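Peer 1: Following this message is one structure expressed as structure tokens.
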Amino acid sequence: MKKGHLIGLGIIAVAIIIIVSMIGDASTYESFATAKAMKMRGEDKPIHVVGELKKNAGGMVEGIEVNPDKTSFYFMMVDNDGTEQKVFYNEPVPPDFARAEQVVVIGSYKNEDLFVADKILMKCPSKYQENEVSTAGM
Amino acid sequence: MINTFIGNLGHFAVILAFVSSLVTAFGYYQYTVVPELEKKTWQRFSRLAFYVHSAAGITIALALFEIIYSHRFEYFYAYSHSSKALPVHYMISSFWEGQEGSFILWIVWNVLLGLVLIRTNKAWEGPVMVVFALVQAFLVSMILGVVIGDLKIGSSPFILLRDAVSAPVFQINPDFVPEDGTGLNPLLQNIWMVIHPPTLFLGYATTLVPFAFLIGGLATRKYTEWVRPALPWAQFSAMVLGMGIIMGAYWAYVTLNFGGYWNWDPVENAVYVPWLILVAGIHTMITFKKSSTALKSSIVLIIATFILVLYATFLVRSGVLGDSSVHSFTDLGLSGQLLIYMLFFLAVSVYLAAKHWKNIPSSEKEASVYSREFWIFIGAITLALMAFQVILPTSIPVWNAIVEMFGGISNMAPPADQVGFYTKFQLWFAVVVALLTAVGQFFWWNKMDAKALREALVVPYVVAVILSAIIIVLGKVYDISYIVVVLASTFTIVANATILYRLVKKSTFKLAGGSLAHIGLGMILIGVMFSSGYSQVISFNMSGLTYSNSWEDELNKEHVLLWINKPTQIKEYTAIYRGRQKKVKGVPGLVNVNLLKSTDNVNEAIALGDIVYRGKTYFQKGDRVPIVLEENDYFQIDYYKGDEYQFTLNPMSQFNTSMGLISSPDSRRFIDKDLYTFVSAINDYEDPEWREDEFFQVSPGETFYISDFVTEFQGGEVLNQIEGVDLRDGDVAVKARLVVMDYDVEKVLEPIFIIRGNQVGKIPAIDNELGVKVEIDNILPESNQFSFKVNRYQKDYVVLKAIIKPQINILWAGTIIMLFGFCVAIYRRYDEFRKMRDKGLEY
């Protein structure tokens with residue numbers, strides 16, 4: 001066998017390892033319902049859930065409970081299917097948290113009632129593009 | 001009054017730049033294909049067209065900067081990216097905060113590069129500039145801002161606010177101009193954000209140069225000649241792009257509270273990947289110059305670099321990463337256009353390469369295992385695989401989009417632990433690369449066979465093993481994979497240092513670029529391994545208090561709550577939070593907020609006492625004090641060891657009205673480590689919700705408790721005048737003096753009580769730091785007592801995270817050495833190209 005072929009085979013082998021590992025380690029976007037079902041089946045892999053913070057009739061975010069040491073908190077989140085879920089995050093409240101129009105939590109269920117987020121991504125429309133003229137500037 | 005001139009000028013320049021780039025492309029194409037006699041005319045014409053294009057490009061930039069600089073908030077761009085409070089250097093950052101501005105930056109760099117190329121190259125001008133002009137046409141189209149029905153071509157930075165948003169105020173008054181803009185994203189208010197984007201975009205822009213030479217070479221059938229002029233540019237590009245990446249990492253480290261310099265965020269990955277491929281391409285090009293092999297791989301790699309830069313742009317700007325990245329741009333509706341841009345150049349280059357593939361010379365001979373070509377080729381493959389491993393998962397949102405385009409459903413998400421996932425692979429690839437650079441360099445400078453190789457490597461190997469042993473023992477590196485990293489990196493450092501020594505002794509420093517860059521690589525690896533692998537959070541909550549009895553108390557809390565004035569243990573330090581400070585113009589240190597009373601003007605305060613720094617008085621009581629960005633608070637945190645004061649850190653945060661709390665770290669730098677700290681939550685004392693009233697009746701000299709503070713009521717005093725209040729005859733004003741003790745701090749609170757006829761007035765004393773408001777509720781002469789009404793909030797606090805980053809300076813030093821190595825190599829290759837050109841051997 002020529003050396004070139006050996007190298008070629010080596011590259012293909014490494015590429016396959018990379019692809020397989022990516023598929024193995026990739027997480028998935030799920031709803032709270034499927035995440036809970038996964039937990040019940042004993043799958044502990046962290047997953048992504050996309051949703052919004054729970055808001056009251058006045059459009060104000062509700063259900064954020066900061067622990068007394070300020071270094072962790074609970075919040076209520078509603079996923080895209082409308083399922084409401086209490087989430088725990090072992091970090092201080094991220095700065096613009098209550099303003100986020102969409103949040104992505106990455107984590108898993110700790111027990112049946114509580115989802116524990118390892119990481120939170122927030123999407124604030126104002127972050128990179130101002131689309132509305134705020135009344136304060138008027 | 002709305003100034004439409006400047007916007008119209010800018011927009012006109014955009015259209016002119018677009019048209020002139022197409023004219024330039026056409027002109028240079030003619031110049032390349034017409035017979036020799038007509039060439040001169042076409043050259044003059046095309047150059048003129050490109051000069052017009054250059055002038056237009058620069059005008060666009062100047063017009064936009066004028067809009068920002070003159071605070072023309074009638075323009076959407078200035079309104080949404082700038083504000084009056086910004087100093088000039090941050091106005092520069094505002095310029096490229098938006099996508100449109102960063103496209104303009106890119107356009108201007110390309111213009112400058114084009115002008116340099118016209119001057120330095122003779123025969124290459126035609127084909128190279130065709131590619132340049134076409135790229136410019138695509139870039140300018142991104143800011144064209146032409147809307148035809150549903151079709152939107154480009155997003156113009158010159159649109160007026162009233163056209164961009166629909167606010168009712170414009171119906172009442174179309175000429176309305178907002179007082180102030182919404183300001184610059186506070187994360188970008190940093191000196192690194194002034195210089196990092198231009199560097200990065202120069203890096204992006206320069207990848208076009210080797211690509212243009214290559215495409216020109218393919219089109220004009222100069223299959224091998226393009227390498228010589230392209231090589232110094234490729235090296236320059238890799239150097240600048242590398243510098244841009246490092247600056248980004250450094251910016252993240254010193255400004256963002258990510259807790260590190262590299263987060264494997266998609267935006268970071270998207271620029272790392274083309275850099276890896278470019279470095280691989282440079283190596284194959286160098287091999288080609290030495291031995292006429294690896295030309296085909298060079299072609300593939302240079303094309304891939306340019307396409308990957310476009311792909312990076314697409315990823316970052318199309319909004320496709322919306323759910324997976326914290327800092328990608330939002331979609332401006334340009335994704336289709338970006339896709340066409342990328343696919344156009346991909347198609348053109350693949351077509352040209354395929355068409356000429358069989359004519360491209362390649363070496364028939366199989367490369368020997370004892371040849372440098374072989375090892376460099378393996379190195380290039382490793383770099384390419386590294387890039388592949390990063391870009392594949394980064395593109396997961398794209399895969400999902402493609403699956404969904406064909407009607408499927410894909411809910412794949414990026415790995416939950418990105419850092420762990422990427423590091424797992426990149427670490428081992430980096431070890432392979434380090435070993436290859438060590439061995440490869442020996443091959444490079446010597447003729448080798450098995451025996452010679454063994455002899456050449458044995459000394460560096462032994463030295464490296466001894467050095468590694470020392471590092472492993474001193475650094476307590478007990479993890480097997482990290483031990484391998486240490487071995488591989490010291491081996492590459494020692495081997496390349498040996499080569500460097502020989503080169504400098506025997507010939508000139510000019511040849512030392514490669515070994516220097518590789519030494520830098522070894523140091524970077526060691527620095528990354530220590531600072532990331534052995535970084536240690538030290539801010540555990542050590543209070544020992546359990547707040548509730550639920551399971552989460554067992555979790556490690558990586559933050560510590562510091563109440564004001566209260567000593568708190570952080571590892572071997574005792575930290576005390578001493579309050580907030582502001583940066584004041586003209587004062588070298590920071591100034592405590594207790595000395596400043598804000599006024600209605602932006603960035604201005606009145607001094608409540610003399611502002612003294614190191615014995616020198618900068619402002620006197622009552623002076624108007626200019627503040628540098630009033631929104632920024634610096635938290636004074638003093639560190640002690642035992643009773644001995646060590647140092648003070650001032651992590652910064654900005655309470656931004658549109659983004660909430662933005663936090664910037666401050667670090668104590670030691671030679672062998674950084675103590676990296678940032679504030680992750682603060683007390684919002686702007687508008688506290690006071691708890692319910694408490695009443696105390698106290699006689700002078702008596703002591704009582706407010707919250708936990710021992711408070712002494714020292715007595716009352718009749719006042720004849722009060723600042724800010726007009727006392728009349730017959731008025732009685734009494735001031736009570738209360739001393740509140742909080743740890744080692746005594747605070748004096750002086751509430752005032754005024755009696756005018758039958759009416760009483762009360763001026764409460766408020767201390768925000770202690771969270772206390774005291775009012776004299778009544779004076780009871782019969783019992784010689786004062787009745788105080790007390791409201792409490794909470795004491796001021798910060799929540800802090802502190803991390804030790806060992807040996808991070810080796811990382812920074814390594815990057816500087818690597819960049820320096822690049823510079824030496826660029827000089828060598830450019831010198832070579834220039835000499836050949838001047839001899840007339842090559843153009």
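Residue names in the structure tokens use chain letters A, B, ... in the order shown, residue numbers from 1 in each chain, and ligand numbers from 1 in the order shown.
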List as a list in words the protein and nucleic acid residues near Val66 of chain A, meaning an atom at most 12 Å away when only C-alpha atoms are counted, but skip any in the same chain fewer than 6 places from it.
Peer 2: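 Selected residues are Ser72, Phe73, Tyr74, Phe75, Val87, Phe88, Tyr89, Asn90, Glu91, Pro92, Val93 and Pro94 of chain A; Tyr547 and Ala681 of chain B.
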Peer 1: Can you list, as a VMD selection string, every protein, DNA or RNA residue that comes within 12 Å of segment 36-43 of chain B when you count only C-alpha atoms, leaving out same-chain residues fewer than 3 positions away?
Peer 2: chain B and resid 23 to 33 46 to 50 118 122 to 127 129 to 130
Peer 1: Here is a test: counting only C-alpha atoms, which residue of A:Ile18, A:Ala13, A:Ala98, A:Ala117 is nearest to His48 of chain A?
Peer 2: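 Checking each candidate against His48 of chain A, we get A:Ala117 as the closest.
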Peer 1: Tell me, in Å to one decimal, how far atom CA of Ser21 of chain A is from atom CA of Ala384 of chain B.
Peer 2: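 These atoms are spaced 17.4 Å apart.
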Peer 1: What is the distance, in Å and to one decimal place, between atom CA of Ile2 of chain B and atom CA of Gln171 of chain B?
Peer 2: 15.3 Å
Peer 1: Taking 4 positions as the minimum chain separation for residues in the same chain, which residues sit within 10 Å of Gln136 of chain B when counting only C-alpha atoms? Answer as a ChimeraX atom specification.
Peer 2: /B:17-18,20-22,24-25,53,57,106-108,110-111,130-132,140-142
Peer 1: Could you jot down the atom CA of Asn400 of chain B to atom CA of Met77 of chain A separation for me, Å, one decimal place?
Peer 2: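 Atom-to-atom, atom CA of Asn400 of chain B and atom CA of Met77 of chain A are spaced 24.5 Å apart.
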Peer 1: Compile a residue-level contact table for chain B against chain A at a cut-off of 6 Å, reporting for every qualifying residue the shortest atom pair and its distance in Å to one decimal, with only C-alpha atoms counted, rows ordered by chain and ascending number, as JSON lines.
Peer 2:
```
{"residue": "B:Ser80", "atom": "CA", "partner": "A:Glu130", "partner_atom": "CA", "distance": 5.5}
{"residue": "B:Pro178", "atom": "CA", "partner": "A:Met138", "partner_atom": "CA", "distance": 5.8}
{"residue": "B:Asn411", "atom": "CA", "partner": "A:Tyr29", "partner_atom": "CA", "distance": 5.1}
{"residue": "B:Met412", "atom": "CA", "partner": "A:Thr28", "partner_atom": "CA", "distance": 4.5}
{"residue": "B:Ala413", "atom": "CA", "partner": "A:Thr28", "partner_atom": "CA", "distance": 4.5}
{"residue": "B:Pro414", "atom": "CA", "partner": "A:Ala26", "partner_atom": "CA", "distance": 5.2}
{"residue": "B:Pro415", "atom": "CA", "partner": "A:Ala26", "partner_atom": "CA", "distance": 4.2}
{"residue": "B:Ala416", "atom": "CA", "partner": "A:Ser27", "partner_atom": "CA", "distance": 6.0}
{"residue": "B:Met659", "atom": "CA", "partner": "A:Asp96", "partner_atom": "CA", "distance": 5.5}
{"residue": "B:Gly660", "atom": "CA", "partner": "A:Asp96", "partner_atom": "CA", "distance": 4.6}
{"residue": "B:Leu661", "atom": "CA", "partner": "A:Pro95", "partner_atom": "CA", "distance": 4.5}
```
Peer 1: For the residues in that selection, give me N, CA, C and O atoms as an mmCIF file, in the first residue's frame.
Peer 2:
```
data_model
loop_
_atom_site.group_PDB
_atom_site.id
_atom_site.type_symbol
_atom_site.label_atom_id
_atom_site.label_comp_id
_atom_site.auth_asym_id
_atom_site.auth_seq_id
_atom_site.Cartn_x
_atom_site.Cartn_y
_atom_site.Cartn_z
ATOM 1 N N SER B 80 -28.671 54.735 17.589
ATOM 2 C CA SER B 80 -28.681 53.427 18.244
ATOM 3 C C SER B 80 -27.295 52.940 18.645
ATOM 4 O O SER B 80 -27.185 51.915 19.304
ATOM 5 N N PRO B 178 -33.917 63.279 18.572
ATOM 6 C CA PRO B 178 -33.792 62.913 19.985
ATOM 7 C C PRO B 178 -32.645 63.669 20.646
ATOM 8 O O PRO B 178 -31.659 64.003 19.988
ATOM 9 N N ASN B 411 -33.387 18.774 15.795
ATOM 10 C CA ASN B 411 -33.299 19.571 17.023
ATOM 11 C C ASN B 411 -31.941 19.416 17.681
ATOM 12 O O ASN B 411 -31.805 19.501 18.882
ATOM 13 N N MET B 412 -30.914 19.183 16.842
ATOM 14 C CA MET B 412 -29.584 19.038 17.392
ATOM 15 C C MET B 412 -29.111 20.380 17.951
ATOM 16 O O MET B 412 -29.333 21.422 17.358
ATOM 17 N N ALA B 413 -28.455 20.338 19.106
ATOM 18 C CA ALA B 413 -27.932 21.554 19.723
ATOM 19 C C ALA B 413 -26.434 21.375 19.948
ATOM 20 O O ALA B 413 -25.953 20.244 20.014
ATOM 21 N N PRO B 414 -25.708 22.468 20.055
ATOM 22 C CA PRO B 414 -24.265 22.332 20.327
ATOM 23 C C PRO B 414 -24.041 21.614 21.647
ATOM 24 O O PRO B 414 -24.924 21.594 22.500
ATOM 25 N N PRO B 415 -22.861 21.015 21.820
ATOM 26 C CA PRO B 415 -22.585 20.299 23.073
ATOM 27 C C PRO B 415 -22.813 21.210 24.278
ATOM 28 O O PRO B 415 -22.491 22.398 24.228
ATOM 29 N N ALA B 416 -23.356 20.642 25.346
ATOM 30 C CA ALA B 416 -23.688 21.461 26.511
ATOM 31 C C ALA B 416 -22.436 22.025 27.168
ATOM 32 O O ALA B 416 -22.402 23.167 27.582
ATOM 33 N N MET B 659 -29.294 47.498 29.334
ATOM 34 C CA MET B 659 -28.738 46.145 29.393
ATOM 35 C C MET B 659 -28.584 45.597 30.795
ATOM 36 O O MET B 659 -28.093 44.495 30.975
ATOM 37 N N GLY B 660 -28.957 46.365 31.795
ATOM 38 C CA GLY B 660 -28.784 45.873 33.143
ATOM 39 C C GLY B 660 -27.338 45.989 33.574
ATOM 40 O O GLY B 660 -26.625 46.881 33.116
ATOM 41 N N LEU B 661 -26.925 45.093 34.449
ATOM 42 C CA LEU B 661 -25.590 45.192 35.018
ATOM 43 C C LEU B 661 -24.553 44.601 34.066
ATOM 44 O O LEU B 661 -24.650 43.462 33.662
#
```
Peer 1: Name the residues of segment 338-427 of chain B that fall into helix (DSSP H, G or I) according to DSSP on the backbone, using the chain letters and numbers of this document, as number ranges by chain.
Peer 2: B: 338-359, 372-394, 396-405, 418-427
Peer 1: Please provide as number ranges by chain all residues within 9 Å of Arg578 of chain B, with the sequence filter that same-chain residues fewer than 6 positions apart are discarded (counting only C-alpha atoms).
Peer 2: B: 563-566, 635-638
Peer 1: So which residues touch segment 519-529 of chain B within 7 Å, counting only C-alpha atoms, skipping near sequence neighbours fewer than 5 positions away, as an mmCIF file with N, CA, C and O atoms, in the first residue's frame?
Peer 2:
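Below you can see selection29.cif, which holds the result:
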```
data_model
loop_
_atom_site.group_PDB
_atom_site.id
_atom_site.type_symbol
_atom_site.label_atom_id
_atom_site.label_comp_id
_atom_site.auth_asym_id
_atom_site.auth_seq_id
_atom_site.Cartn_x
_atom_site.Cartn_y
_atom_site.Cartn_z
ATOM 1 N N ALA B 434 2.768 20.290 18.134
ATOM 2 C CA ALA B 434 3.990 20.677 18.829
ATOM 3 C C ALA B 434 5.117 19.699 18.512
ATOM 4 O O ALA B 434 6.245 20.094 18.212
ATOM 5 N N VAL B 486 2.946 19.062 28.679
ATOM 6 C CA VAL B 486 4.189 19.691 29.131
ATOM 7 C C VAL B 486 5.371 19.127 28.359
ATOM 8 O O VAL B 486 6.230 19.865 27.861
ATOM 9 N N SER B 489 5.311 20.341 24.673
ATOM 10 C CA SER B 489 5.625 21.755 24.473
ATOM 11 C C SER B 489 7.055 22.099 24.861
ATOM 12 O O SER B 489 7.696 22.877 24.176
ATOM 13 N N THR B 490 7.575 21.509 25.943
ATOM 14 C CA THR B 490 8.989 21.804 26.243
ATOM 15 C C THR B 490 9.871 21.234 25.147
ATOM 16 O O THR B 490 10.885 21.841 24.792
ATOM 17 N N THR B 492 9.193 21.013 21.959
ATOM 18 C CA THR B 492 9.210 21.920 20.814
ATOM 19 C C THR B 492 9.981 23.197 21.145
ATOM 20 O O THR B 492 10.715 23.727 20.309
ATOM 21 N N ILE B 493 9.870 23.665 22.380
ATOM 22 C CA ILE B 493 10.617 24.877 22.741
ATOM 23 C C ILE B 493 12.122 24.613 22.668
ATOM 24 O O ILE B 493 12.874 25.363 22.043
ATOM 25 N N ASN B 496 13.341 23.869 18.964
ATOM 26 C CA ASN B 496 13.364 25.077 18.142
ATOM 27 C C ASN B 496 14.379 26.090 18.645
ATOM 28 O O ASN B 496 14.964 26.822 17.853
ATOM 29 N N ALA B 497 14.612 26.098 19.957
ATOM 30 C CA ALA B 497 15.628 27.000 20.481
ATOM 31 C C ALA B 497 17.004 26.560 19.982
ATOM 32 O O ALA B 497 17.852 27.396 19.654
ATOM 33 N N GLN B 807 0.176 30.869 35.689
ATOM 34 C CA GLN B 807 1.076 30.923 34.530
ATOM 35 C C GLN B 807 0.450 31.553 33.300
ATOM 36 O O GLN B 807 0.837 31.254 32.174
ATOM 37 N N ILE B 808 -0.485 32.449 33.485
ATOM 38 C CA ILE B 808 -1.130 33.022 32.311
ATOM 39 C C ILE B 808 -0.154 33.915 31.542
ATOM 40 O O ILE B 808 -0.283 34.102 30.334
ATOM 41 N N ILE B 810 2.829 33.205 30.721
ATOM 42 C CA ILE B 810 3.545 32.420 29.706
ATOM 43 C C ILE B 810 2.740 32.423 28.417
ATOM 44 O O ILE B 810 3.285 32.510 27.318
ATOM 45 N N LEU B 811 1.413 32.365 28.554
ATOM 46 C CA LEU B 811 0.548 32.409 27.373
ATOM 47 C C LEU B 811 0.733 33.720 26.612
ATOM 48 O O LEU B 811 0.943 33.729 25.406
ATOM 49 N N GLY B 814 4.145 33.948 25.073
ATOM 50 C CA GLY B 814 4.225 33.052 23.914
ATOM 51 C C GLY B 814 3.590 33.658 22.684
ATOM 52 O O GLY B 814 4.139 33.572 21.579
ATOM 53 N N THR B 815 2.438 34.302 22.868
ATOM 54 C CA THR B 815 1.783 34.893 21.693
ATOM 55 C C THR B 815 2.627 36.021 21.118
ATOM 56 O O THR B 815 2.724 36.167 19.903
ATOM 57 N N ILE B 817 5.905 36.272 21.228
ATOM 58 C CA ILE B 817 7.042 35.664 20.523
ATOM 59 C C ILE B 817 6.587 35.086 19.183
ATOM 60 O O ILE B 817 7.245 35.232 18.157
ATOM 61 N N MET B 818 5.416 34.453 19.186
ATOM 62 C CA MET B 818 4.918 33.874 17.946
ATOM 63 C C MET B 818 4.669 34.977 16.898
ATOM 64 O O MET B 818 5.088 34.843 15.745
#
```
